[in-house]
Each structure stands twice: as structure tokens, then as C-alpha cells.
file entry24.cif (mmCIF, N, CA and C atoms)
data_upload
loop_
_atom_site.label_atom_id
_atom_site.label_comp_id
_atom_site.auth_asym_id
_atom_site.auth_seq_id
_atom_site.Cartn_x
_atom_site.Cartn_y
_atom_site.Cartn_z
N MET S 63 0.80 -1.19 0.00
CA MET S 63 0.00 0.00 0.00
C MET S 63 0.85 1.26 0.00
N SER S 64 2.10 1.18 -0.35
CA SER S 64 2.93 2.38 -0.32
C SER S 64 2.58 3.27 -1.50
N THR S 65 2.74 4.57 -1.26
CA THR S 65 2.47 5.52 -2.33
C THR S 65 3.70 5.64 -3.20
N SER S 66 3.51 6.15 -4.39
CA SER S 66 4.66 6.29 -5.28
C SER S 66 5.69 7.23 -4.69
N GLY S 67 5.26 8.24 -3.92
CA GLY S 67 6.21 9.13 -3.28
C GLY S 67 7.10 8.40 -2.30
N THR S 68 6.50 7.48 -1.55
CA THR S 68 7.28 6.71 -0.60
C THR S 68 8.26 5.81 -1.33
N GLU S 69 7.80 5.20 -2.43
CA GLU S 69 8.69 4.33 -3.20
C GLU S 69 9.85 5.12 -3.75
N ASN S 70 9.58 6.32 -4.28
CA ASN S 70 10.66 7.15 -4.81
C ASN S 70 11.65 7.50 -3.72
N ASN S 71 11.15 7.87 -2.53
CA ASN S 71 12.05 8.18 -1.43
C ASN S 71 12.86 6.96 -1.06
N ALA S 72 12.25 5.78 -1.06
CA ALA S 72 12.97 4.56 -0.70
C ALA S 72 14.07 4.27 -1.73
N GLU S 73 13.77 4.54 -3.00
CA GLU S 73 14.77 4.29 -4.04
C GLU S 73 15.97 5.21 -3.88
N THR S 74 15.74 6.43 -3.42
CA THR S 74 16.84 7.37 -3.26
C THR S 74 17.50 7.27 -1.90
N GLY S 75 16.90 6.46 -1.01
CA GLY S 75 17.45 6.31 0.32
C GLY S 75 17.02 7.40 1.29
N GLN S 76 16.16 8.31 0.86
CA GLN S 76 15.75 9.41 1.72
C GLN S 76 14.77 8.96 2.80
N ASN S 77 14.10 7.84 2.62
CA ASN S 77 13.08 7.42 3.56
C ASN S 77 13.57 6.24 4.42
N GLN S 78 14.87 6.04 4.48
CA GLN S 78 15.41 4.92 5.24
C GLN S 78 15.62 5.33 6.69
N ALA S 79 15.27 4.44 7.61
CA ALA S 79 15.48 4.70 9.03
C ALA S 79 16.51 3.71 9.54
N ALA S 80 17.28 4.16 10.47
CA ALA S 80 18.25 3.27 11.11
C ALA S 80 17.51 2.41 12.12
N GLY S 81 18.08 1.26 12.43
CA GLY S 81 17.50 0.44 13.48
C GLY S 81 16.88 -0.83 12.96
N THR S 82 16.44 -1.62 13.90
CA THR S 82 15.87 -2.93 13.62
C THR S 82 14.36 -2.85 13.44
N PRO S 83 13.75 -3.92 12.94
CA PRO S 83 12.28 -3.95 12.90
C PRO S 83 11.65 -3.76 14.28
N ASP S 84 12.30 -4.27 15.33
CA ASP S 84 11.77 -4.08 16.69
C ASP S 84 11.78 -2.61 17.09
N GLU S 85 12.85 -1.91 16.70
CA GLU S 85 12.92 -0.48 17.00
C GLU S 85 11.87 0.29 16.20
N LEU S 86 11.66 -0.11 14.96
CA LEU S 86 10.63 0.53 14.14
C LEU S 86 9.25 0.25 14.73
N ARG S 87 9.05 -0.97 15.23
CA ARG S 87 7.77 -1.32 15.87
C ARG S 87 7.49 -0.38 17.03
N GLU S 88 8.51 -0.10 17.84
CA GLU S 88 8.33 0.82 18.97
C GLU S 88 7.99 2.22 18.48
N GLN S 89 8.58 2.66 17.38
CA GLN S 89 8.25 3.96 16.80
C GLN S 89 6.80 3.99 16.32
N VAL S 90 6.35 2.89 15.71
CA VAL S 90 4.96 2.80 15.26
C VAL S 90 4.02 2.91 16.45
N ILE S 91 4.33 2.19 17.52
CA ILE S 91 3.48 2.23 18.72
C ILE S 91 3.43 3.65 19.28
N GLU S 92 4.57 4.32 19.34
CA GLU S 92 4.58 5.70 19.84
C GLU S 92 3.72 6.61 18.96
N ALA S 93 3.76 6.40 17.65
CA ALA S 93 2.92 7.20 16.74
C ALA S 93 1.45 6.90 16.96
N ILE S 94 1.12 5.62 17.17
CA ILE S 94 -0.28 5.23 17.41
C ILE S 94 -0.79 5.87 18.70
N LYS S 95 0.08 6.05 19.67
CA LYS S 95 -0.33 6.64 20.94
C LYS S 95 -0.77 8.10 20.80
N THR S 96 -0.62 8.68 19.62
CA THR S 96 -1.10 10.05 19.40
C THR S 96 -2.51 10.06 18.82
N VAL S 97 -3.10 8.87 18.63
CA VAL S 97 -4.46 8.75 18.11
C VAL S 97 -5.42 8.55 19.29
N PHE S 98 -6.46 9.35 19.33
CA PHE S 98 -7.42 9.28 20.43
C PHE S 98 -8.80 8.94 19.90
N ASP S 99 -9.53 8.15 20.68
CA ASP S 99 -10.95 7.90 20.39
C ASP S 99 -11.65 9.23 20.64
N PRO S 100 -12.48 9.69 19.70
CA PRO S 100 -13.10 11.01 19.86
C PRO S 100 -14.05 11.10 21.06
N GLU S 101 -14.49 9.97 21.59
CA GLU S 101 -15.44 9.99 22.70
C GLU S 101 -14.80 9.70 24.05
N ILE S 102 -13.51 9.29 24.04
CA ILE S 102 -12.84 8.89 25.28
C ILE S 102 -11.47 9.58 25.31
N PRO S 103 -11.14 10.27 26.41
CA PRO S 103 -9.89 11.05 26.46
C PRO S 103 -8.64 10.22 26.77
N VAL S 104 -8.52 9.07 26.12
CA VAL S 104 -7.37 8.19 26.30
C VAL S 104 -6.93 7.74 24.92
N ASN S 105 -5.60 7.64 24.70
CA ASN S 105 -5.15 7.21 23.37
C ASN S 105 -5.57 5.76 23.12
N ILE S 106 -5.70 5.41 21.85
CA ILE S 106 -6.27 4.11 21.50
C ILE S 106 -5.37 2.93 21.85
N TYR S 107 -4.07 3.18 22.00
CA TYR S 107 -3.17 2.09 22.42
C TYR S 107 -3.43 1.74 23.88
N GLU S 108 -3.47 2.74 24.75
CA GLU S 108 -3.74 2.50 26.17
C GLU S 108 -5.18 2.01 26.37
N LEU S 109 -6.07 2.41 25.48
CA LEU S 109 -7.46 1.98 25.56
C LEU S 109 -7.60 0.50 25.21
N GLY S 110 -6.56 -0.08 24.61
CA GLY S 110 -6.58 -1.50 24.28
C GLY S 110 -7.19 -1.80 22.92
N LEU S 111 -7.30 -0.78 22.06
CA LEU S 111 -7.88 -1.01 20.74
C LEU S 111 -6.87 -1.57 19.74
N ILE S 112 -5.60 -1.50 20.06
CA ILE S 112 -4.56 -2.07 19.20
C ILE S 112 -4.21 -3.44 19.73
N TYR S 113 -4.53 -4.47 18.97
CA TYR S 113 -4.27 -5.84 19.40
C TYR S 113 -2.87 -6.31 19.04
N SER S 114 -2.34 -5.88 17.90
CA SER S 114 -0.97 -6.27 17.55
C SER S 114 -0.37 -5.29 16.56
N VAL S 115 0.96 -5.15 16.67
CA VAL S 115 1.75 -4.36 15.73
C VAL S 115 2.95 -5.23 15.38
N GLU S 116 3.07 -5.57 14.10
CA GLU S 116 4.17 -6.40 13.65
C GLU S 116 4.92 -5.69 12.52
N VAL S 117 6.24 -5.79 12.57
CA VAL S 117 7.09 -5.21 11.53
C VAL S 117 8.03 -6.31 11.06
N ASN S 118 8.02 -6.59 9.76
CA ASN S 118 8.90 -7.65 9.25
C ASN S 118 10.23 -7.06 8.78
N GLU S 119 11.10 -7.92 8.29
CA GLU S 119 12.44 -7.49 7.87
C GLU S 119 12.39 -6.49 6.71
N ALA S 120 11.33 -6.54 5.90
CA ALA S 120 11.16 -5.59 4.79
C ALA S 120 10.59 -4.26 5.29
N ARG S 121 10.35 -4.16 6.61
CA ARG S 121 9.80 -2.97 7.25
C ARG S 121 8.33 -2.73 6.90
N ASP S 122 7.65 -3.81 6.48
CA ASP S 122 6.20 -3.74 6.29
C ASP S 122 5.54 -3.82 7.66
N VAL S 123 4.49 -3.06 7.84
CA VAL S 123 3.81 -2.97 9.14
C VAL S 123 2.42 -3.57 9.01
N GLN S 124 2.10 -4.46 9.94
CA GLN S 124 0.77 -5.07 10.03
C GLN S 124 0.19 -4.70 11.40
N ILE S 125 -0.95 -4.04 11.40
CA ILE S 125 -1.61 -3.63 12.64
C ILE S 125 -2.99 -4.25 12.68
N ASP S 126 -3.27 -4.97 13.76
CA ASP S 126 -4.62 -5.47 14.03
C ASP S 126 -5.20 -4.61 15.13
N MET S 127 -6.37 -4.07 14.87
CA MET S 127 -7.02 -3.22 15.85
C MET S 127 -8.50 -3.50 15.89
N THR S 128 -9.15 -2.99 16.90
CA THR S 128 -10.59 -3.11 16.99
C THR S 128 -11.15 -1.75 17.34
N LEU S 129 -12.44 -1.69 17.50
CA LEU S 129 -13.12 -0.47 17.91
C LEU S 129 -13.96 -0.81 19.14
N THR S 130 -14.39 0.20 19.87
CA THR S 130 -15.16 -0.07 21.07
C THR S 130 -16.48 -0.75 20.76
N SER S 131 -17.01 -0.51 19.56
CA SER S 131 -18.22 -1.21 19.12
C SER S 131 -18.30 -1.14 17.60
N PRO S 132 -19.03 -2.07 16.98
CA PRO S 132 -19.17 -2.01 15.51
C PRO S 132 -19.85 -0.73 15.03
N ASN S 133 -20.60 -0.07 15.90
CA ASN S 133 -21.29 1.17 15.54
C ASN S 133 -20.50 2.41 15.92
N CYS S 134 -19.24 2.25 16.22
CA CYS S 134 -18.38 3.37 16.62
C CYS S 134 -18.42 4.46 15.55
N PRO S 135 -18.66 5.72 15.95
CA PRO S 135 -18.71 6.80 14.97
C PRO S 135 -17.38 7.00 14.23
N ALA S 136 -16.28 6.53 14.81
CA ALA S 136 -14.97 6.70 14.19
C ALA S 136 -14.54 5.47 13.40
N ALA S 137 -15.50 4.61 13.05
CA ALA S 137 -15.18 3.34 12.39
C ALA S 137 -14.43 3.54 11.07
N GLN S 138 -14.68 4.61 10.37
CA GLN S 138 -13.99 4.86 9.11
C GLN S 138 -12.71 5.67 9.32
N SER S 139 -12.78 6.66 10.19
CA SER S 139 -11.66 7.58 10.33
C SER S 139 -10.51 7.04 11.18
N MET S 140 -10.81 6.30 12.24
CA MET S 140 -9.75 5.88 13.15
C MET S 140 -8.75 4.91 12.50
N PRO S 141 -9.20 3.84 11.82
CA PRO S 141 -8.21 2.98 11.15
C PRO S 141 -7.37 3.74 10.11
N ALA S 142 -7.99 4.67 9.41
CA ALA S 142 -7.25 5.47 8.42
C ALA S 142 -6.21 6.35 9.11
N GLU S 143 -6.54 6.89 10.27
CA GLU S 143 -5.59 7.71 11.01
C GLU S 143 -4.43 6.87 11.53
N VAL S 144 -4.73 5.65 12.00
CA VAL S 144 -3.68 4.74 12.46
C VAL S 144 -2.73 4.43 11.29
N GLU S 145 -3.30 4.13 10.13
CA GLU S 145 -2.48 3.85 8.95
C GLU S 145 -1.60 5.04 8.59
N GLN S 146 -2.17 6.23 8.61
CA GLN S 146 -1.43 7.45 8.26
C GLN S 146 -0.28 7.68 9.24
N LYS S 147 -0.52 7.46 10.52
CA LYS S 147 0.54 7.66 11.53
C LYS S 147 1.69 6.70 11.29
N ALA S 148 1.38 5.43 11.02
CA ALA S 148 2.43 4.44 10.76
C ALA S 148 3.17 4.76 9.47
N ARG S 149 2.43 5.12 8.45
CA ARG S 149 3.00 5.41 7.13
C ARG S 149 3.91 6.64 7.16
N SER S 150 3.68 7.55 8.10
CA SER S 150 4.45 8.80 8.16
C SER S 150 5.87 8.60 8.69
N LEU S 151 6.16 7.45 9.26
CA LEU S 151 7.48 7.21 9.85
C LEU S 151 8.51 6.85 8.78
N ALA S 152 9.70 7.36 8.93
CA ALA S 152 10.78 7.07 7.99
C ALA S 152 11.11 5.58 8.02
N GLY S 153 11.28 5.01 6.85
CA GLY S 153 11.70 3.62 6.74
C GLY S 153 10.58 2.61 6.68
N VAL S 154 9.34 3.04 6.82
CA VAL S 154 8.21 2.11 6.79
C VAL S 154 7.91 1.70 5.35
N GLY S 155 7.70 0.39 5.14
CA GLY S 155 7.31 -0.11 3.82
C GLY S 155 5.80 -0.07 3.68
N GLU S 156 5.22 -1.20 3.35
CA GLU S 156 3.77 -1.31 3.24
C GLU S 156 3.14 -1.23 4.63
N VAL S 157 1.94 -0.66 4.71
CA VAL S 157 1.19 -0.60 5.97
C VAL S 157 -0.18 -1.19 5.74
N THR S 158 -0.52 -2.17 6.57
CA THR S 158 -1.85 -2.78 6.52
C THR S 158 -2.48 -2.66 7.90
N VAL S 159 -3.69 -2.13 7.95
CA VAL S 159 -4.45 -2.03 9.19
C VAL S 159 -5.71 -2.86 9.01
N ASP S 160 -5.85 -3.88 9.82
CA ASP S 160 -7.04 -4.72 9.80
C ASP S 160 -7.86 -4.47 11.05
N VAL S 161 -9.16 -4.21 10.86
CA VAL S 161 -10.07 -4.09 11.99
C VAL S 161 -10.64 -5.47 12.25
N VAL S 162 -10.45 -5.95 13.47
CA VAL S 162 -10.90 -7.28 13.86
C VAL S 162 -11.91 -7.16 14.99
N TRP S 163 -12.78 -8.14 15.10
CA TRP S 163 -13.83 -8.11 16.13
C TRP S 163 -13.69 -9.25 17.12
N ASP S 164 -12.67 -10.07 16.94
CA ASP S 164 -12.48 -11.20 17.85
C ASP S 164 -11.05 -11.16 18.38
N PRO S 165 -10.84 -10.99 19.65
CA PRO S 165 -11.87 -10.93 20.69
C PRO S 165 -12.55 -9.56 20.72
N PRO S 166 -13.79 -9.53 21.16
CA PRO S 166 -14.47 -8.24 21.28
C PRO S 166 -13.76 -7.36 22.31
N TRP S 167 -13.78 -6.07 22.06
CA TRP S 167 -13.14 -5.15 23.00
C TRP S 167 -13.97 -5.07 24.28
N GLY S 168 -13.27 -4.93 25.39
CA GLY S 168 -13.90 -4.69 26.68
C GLY S 168 -12.91 -3.98 27.58
N PRO S 169 -13.36 -3.47 28.71
CA PRO S 169 -12.48 -2.73 29.61
C PRO S 169 -11.25 -3.52 30.07
N GLU S 170 -11.33 -4.83 30.03
CA GLU S 170 -10.18 -5.65 30.43
C GLU S 170 -8.99 -5.48 29.49
N HIS S 171 -9.20 -4.93 28.32
CA HIS S 171 -8.11 -4.69 27.36
C HIS S 171 -7.36 -3.38 27.64
N MET S 172 -7.92 -2.54 28.49
CA MET S 172 -7.31 -1.24 28.77
C MET S 172 -6.08 -1.40 29.67
N SER S 173 -5.12 -0.50 29.49
CA SER S 173 -3.96 -0.49 30.37
C SER S 173 -4.39 0.00 31.75
N GLU S 174 -3.53 -0.22 32.73
CA GLU S 174 -3.83 0.25 34.08
C GLU S 174 -3.95 1.78 34.09
N ALA S 175 -3.09 2.45 33.32
CA ALA S 175 -3.14 3.92 33.25
C ALA S 175 -4.48 4.39 32.69
N ALA S 176 -4.98 3.71 31.67
CA ALA S 176 -6.27 4.09 31.08
C ALA S 176 -7.41 3.85 32.07
N ARG S 177 -7.33 2.74 32.78
CA ARG S 177 -8.37 2.46 33.78
C ARG S 177 -8.38 3.54 34.85
N LEU S 178 -7.21 3.94 35.32
CA LEU S 178 -7.14 5.00 36.32
C LEU S 178 -7.69 6.32 35.77
N GLU S 179 -7.30 6.65 34.54
CA GLU S 179 -7.76 7.90 33.91
C GLU S 179 -9.28 7.94 33.81
N LEU S 180 -9.88 6.79 33.48
CA LEU S 180 -11.33 6.74 33.27
C LEU S 180 -12.10 6.30 34.51
N GLY S 181 -11.39 5.97 35.57
CA GLY S 181 -12.07 5.55 36.80
C GLY S 181 -12.68 4.17 36.70
N VAL S 182 -12.10 3.31 35.86
CA VAL S 182 -12.59 1.94 35.69
C VAL S 182 -11.69 1.01 36.49
N MET S 183 -12.26 0.29 37.40
CA MET S 183 -11.43 -0.64 38.20
C MET S 183 -11.95 -2.04 38.14
#

call {"tool": "encode", "arguments": {"input": "entry24.cif", "output": "C-alpha cells"}}
result
Amino acid sequence: MSTSGTENNAETGQNQAAGTPDELREQVIEAIKTVFDPEIPVNIYELGLIYSVEVNEARDVQIDMTLTSPNCPAAQSMPAEVEQKARSLAGVGEVTVDVVWDPPWGPEHMSEAARLELGVM
């Protein structure tokens, strides 16, 4: 899913990042932490909406995420924003974001920090 601009940058070496796929994975996670559910004042990573982030040796990124409900008002915009955040990082190849419904999201997926922020115990 890379754009031709990204491919051109990769060909010239301008879009290359130093580090391992694990380091790039951490950068992707940090970028995802800047995405917020519009109805909840906690980033979607701490909210537990990101189920997995994988980066292979080719620097392709695979993100599995869910939403708080199938009727979430951000069902179209949030996955696109996650993809854009990952794609914006130097050295990223293809980016795929899959919205999954199994397991269903629930408060048990939230980090301790998110539970404290929202008063969920």
C-alpha cells in the first residue's frame, strides 16, 4: 500500500530509518499513541484497541485493531488515522491495518493507566 512518493524516497534512500524492525515497531506504537478515540480522552493504544503491531524485515507494518463497538462513529476515520501515523514514519514499507472483532473489546483490554484515567477498576 505504499504511495509512489514513498517508493521514490525509498529508491533514493531518503526514507530509510536506522535500526531494527523491533525499533521501528516501537516507533509505530509511539505514533499510534497520538491517536485518540473522539469519545474517550485516552489514546487508543492505552485503551486497548490495538491488538498487535508487527514489523517484518522488509519494514512492512501489520496492525490489528478493533473499535469499542461495531457502531463506533470513528469506524472509518480511526483505522485510516492509524495507517497514516504508521505510514508517516521514515523507513516504513507497506502498511496494513485490519479491523478485527475477535476478541471483542472490553475494559479488560485497557492499560492500568487508562483504567485509572477513566475511573474503571

call {"tool": "residues_around", "arguments": {"input": "entry24.cif", "residues": "Ser173 (chain S)", "least_positions_apart": "4", "cutoff": "7 Å", "atoms": "all atoms listed in the file", "output": "list in words"}}
result
Tyr107, Glu108, Leu109, Gly110, Pro169, Arg177 and Leu178 of chain S

call {"tool": "write_last_selection", "arguments": {"input": "entry24.cif", "atoms": "N, CA and C atoms", "output": "PDB file, in the coordinates of the input"}}
result
ATOM      1  N   TYR S 107      -4.070   3.180  22.000  1.00  0.00           N
ATOM      2  CA  TYR S 107      -3.170   2.090  22.420  1.00  0.00           C
ATOM      3  C   TYR S 107      -3.430   1.740  23.880  1.00  0.00           C
ATOM      4  N   GLU S 108      -3.470   2.740  24.750  1.00  0.00           N
ATOM      5  CA  GLU S 108      -3.740   2.500  26.170  1.00  0.00           C
ATOM      6  C   GLU S 108      -5.180   2.010  26.370  1.00  0.00           C
ATOM      7  N   LEU S 109      -6.070   2.410  25.480  1.00  0.00           N
ATOM      8  CA  LEU S 109      -7.460   1.980  25.560  1.00  0.00           C
ATOM      9  C   LEU S 109      -7.600   0.500  25.210  1.00  0.00           C
ATOM     10  N   GLY S 110      -6.560  -0.080  24.610  1.00  0.00           N
ATOM     11  CA  GLY S 110      -6.580  -1.500  24.280  1.00  0.00           C
ATOM     12  C   GLY S 110      -7.190  -1.800  22.920  1.00  0.00           C
ATOM     13  N   PRO S 169     -13.360  -3.470  28.710  1.00  0.00           N
ATOM     14  CA  PRO S 169     -12.480  -2.730  29.610  1.00  0.00           C
ATOM     15  C   PRO S 169     -11.250  -3.520  30.070  1.00  0.00           C
ATOM     16  N   ARG S 177      -7.330   2.740  32.780  1.00  0.00           N
ATOM     17  CA  ARG S 177      -8.370   2.460  33.780  1.00  0.00           C
ATOM     18  C   ARG S 177      -8.380   3.540  34.850  1.00  0.00           C
ATOM     19  N   LEU S 178      -7.210   3.940  35.320  1.00  0.00           N
ATOM     20  CA  LEU S 178      -7.140   5.000  36.320  1.00  0.00           C
ATOM     21  C   LEU S 178      -7.690   6.320  35.770  1.00  0.00           C
TER      22      LEU S 178
END

call {"tool": "residues_around", "arguments": {"input": "entry24.cif", "residues": "region 159-164 of chain S", "least_positions_apart": "6", "cutoff": "5 Å", "atoms": "only N, CA and C atoms", "output": "number ranges by chain"}}
result
S: 125-128

call {"tool": "atom_distance", "arguments": {"input": "entry24.cif", "atom1": "atom N of Ser139 (chain S)", "atom2": "atom N of Glu92 (chain S)"}}
result
19.8 Å

call {"tool": "closest_residue", "arguments": {"input": "entry24.cif", "among": "S:Gly155, S:Gly81, S:Pro141, S:Pro135", "to": "Asp122 (chain S)", "atoms": "only C-alpha atoms"}}
result
S:Gly155

call {"tool": "select_by_dssp", "arguments": {"input": "entry24.cif", "residues": "chain S", "states": "strand (DSSP E or B)", "output": "list in words"}}
result
Phe98, Asn105, Ile112, Tyr113, Ser114, Val115, Glu116, Val117, Val123, Gln124, Ile125, Asp126, Met127, Val157, Thr158, Val159, Asp160 and Val161 of chain S

call {"tool": "residues_around", "arguments": {"input": "entry24.cif", "residues": "Val123 (chain S)", "least_positions_apart": "3", "cutoff": "6.5 Å", "atoms": "all atoms listed in the file", "output": "PyMOL selection string"}}
result
chain S and resi 116-118+154-159

call {"tool": "resolve_selection", "arguments": {"input": "entry24.cif", "expression": "the PyMOL selection byres ((chain S and resi 148-151) around 8)", "output": "PyMOL selection string"}}
result
chain S and resi 77-79+89-91+93-94+123+142-147+152-157

call {"tool": "select_by_dssp", "arguments": {"input": "entry24.cif", "residues": "chain S", "states": "helix (DSSP H, G or I)", "output": "PyMOL selection string"}}
result
chain S and resi 66-74+83-94+139-149+169-171+174-180

call {"tool": "closest_residue", "arguments": {"input": "entry24.cif", "among": "S:Leu86, S:Ile112, S:Ala175, S:Val97", "to": "Leu129 (chain S)", "atoms": "all atoms listed in the file"}}
result
S:Ile112

call {"tool": "residues_around", "arguments": {"input": "entry24.cif", "residues": "Thr130 (chain S)", "least_positions_apart": "2", "cutoff": "7 Å", "atoms": "only N, CA and C atoms", "output": "list of chain:residue names"}}
result
S:Leu111, S:Thr128, S:Pro132, S:Asn133, S:Cys134, S:Trp167, S:Gly168

call {"tool": "atom_distance", "arguments": {"input": "entry24.cif", "atom1": "CA of Glu170 (chain S)", "atom2": "CA of Tyr113 (chain S)"}}
result
12.5 Å

call {"tool": "atom_distance", "arguments": {"input": "entry24.cif", "atom1": "CA of Thr82 (chain S)", "atom2": "CA of Val104 (chain S)"}}
result
28.7 Å

call {"tool": "closest_residue", "arguments": {"input": "entry24.cif", "among": "S:Gln138, S:Asn105, S:Thr96, S:Gln124", "to": "Met172 (chain S)", "atoms": "only C-alpha atoms"}}
result
S:Asn105

call {"tool": "closest_residue", "arguments": {"input": "entry24.cif", "among": "S:Val115, S:Ile106, S:Lys95, S:Glu179", "to": "Pro83 (chain S)", "atoms": "only C-alpha atoms"}}
result
S:Val115

call {"tool": "closest_residue", "arguments": {"input": "entry24.cif", "among": "S:Pro166, S:Leu180, S:Glu85, S:Glu174", "to": "Pro103 (chain S)", "atoms": "all atoms listed in the file"}}
result
S:Leu180

call {"tool": "decode", "arguments": {"input": "entry24.cif", "residues": "region 123-145 of chain S", "atoms": "N, CA and C atoms", "output": "short mmCIF file (atom, residue, chain, number, x, y, z; two decimals), in the first residue's frame"}}
result
data_model
loop_
_atom_site.label_atom_id
_atom_site.label_comp_id
_atom_site.auth_asym_id
_atom_site.auth_seq_id
_atom_site.Cartn_x
_atom_site.Cartn_y
_atom_site.Cartn_z
N VAL S 123 4.49 -3.06 7.84
CA VAL S 123 3.81 -2.97 9.14
C VAL S 123 2.42 -3.57 9.01
N GLN S 124 2.10 -4.46 9.94
CA GLN S 124 0.77 -5.07 10.03
C GLN S 124 0.19 -4.70 11.40
N ILE S 125 -0.95 -4.04 11.40
CA ILE S 125 -1.61 -3.63 12.64
C ILE S 125 -2.99 -4.25 12.68
N ASP S 126 -3.27 -4.97 13.76
CA ASP S 126 -4.62 -5.47 14.03
C ASP S 126 -5.20 -4.61 15.13
N MET S 127 -6.37 -4.07 14.87
CA MET S 127 -7.02 -3.22 15.85
C MET S 127 -8.50 -3.50 15.89
N THR S 128 -9.15 -2.99 16.90
CA THR S 128 -10.59 -3.11 16.99
C THR S 128 -11.15 -1.75 17.34
N LEU S 129 -12.44 -1.69 17.50
CA LEU S 129 -13.12 -0.47 17.91
C LEU S 129 -13.96 -0.81 19.14
N THR S 130 -14.39 0.20 19.87
CA THR S 130 -15.16 -0.07 21.07
C THR S 130 -16.48 -0.75 20.76
N SER S 131 -17.01 -0.51 19.56
CA SER S 131 -18.22 -1.21 19.12
C SER S 131 -18.30 -1.14 17.60
N PRO S 132 -19.03 -2.07 16.98
CA PRO S 132 -19.17 -2.01 15.51
C PRO S 132 -19.85 -0.73 15.03
N ASN S 133 -20.60 -0.07 15.90
CA ASN S 133 -21.29 1.17 15.54
C ASN S 133 -20.50 2.41 15.92
N CYS S 134 -19.24 2.25 16.22
CA CYS S 134 -18.38 3.37 16.62
C CYS S 134 -18.42 4.46 15.55
N PRO S 135 -18.66 5.72 15.95
CA PRO S 135 -18.71 6.80 14.97
C PRO S 135 -17.38 7.00 14.23
N ALA S 136 -16.28 6.53 14.81
CA ALA S 136 -14.97 6.70 14.19
C ALA S 136 -14.54 5.47 13.40
N ALA S 137 -15.50 4.61 13.05
CA ALA S 137 -15.18 3.34 12.39
C ALA S 137 -14.43 3.54 11.07
N GLN S 138 -14.68 4.61 10.37
CA GLN S 138 -13.99 4.86 9.11
C GLN S 138 -12.71 5.67 9.32
N SER S 139 -12.78 6.66 10.19
CA SER S 139 -11.66 7.58 10.33
C SER S 139 -10.51 7.04 11.18
N MET S 140 -10.81 6.30 12.24
CA MET S 140 -9.75 5.88 13.15
C MET S 140 -8.75 4.91 12.50
N PRO S 141 -9.20 3.84 11.82
CA PRO S 141 -8.21 2.98 11.15
C PRO S 141 -7.37 3.74 10.11
N ALA S 142 -7.99 4.67 9.41
CA ALA S 142 -7.25 5.47 8.42
C ALA S 142 -6.21 6.35 9.11
N GLU S 143 -6.54 6.89 10.27
CA GLU S 143 -5.59 7.71 11.01
C GLU S 143 -4.43 6.87 11.53
N VAL S 144 -4.73 5.65 12.00
CA VAL S 144 -3.68 4.74 12.46
C VAL S 144 -2.73 4.43 11.29
N GLU S 145 -3.30 4.13 10.13
CA GLU S 145 -2.48 3.85 8.95
C GLU S 145 -1.60 5.04 8.59
#
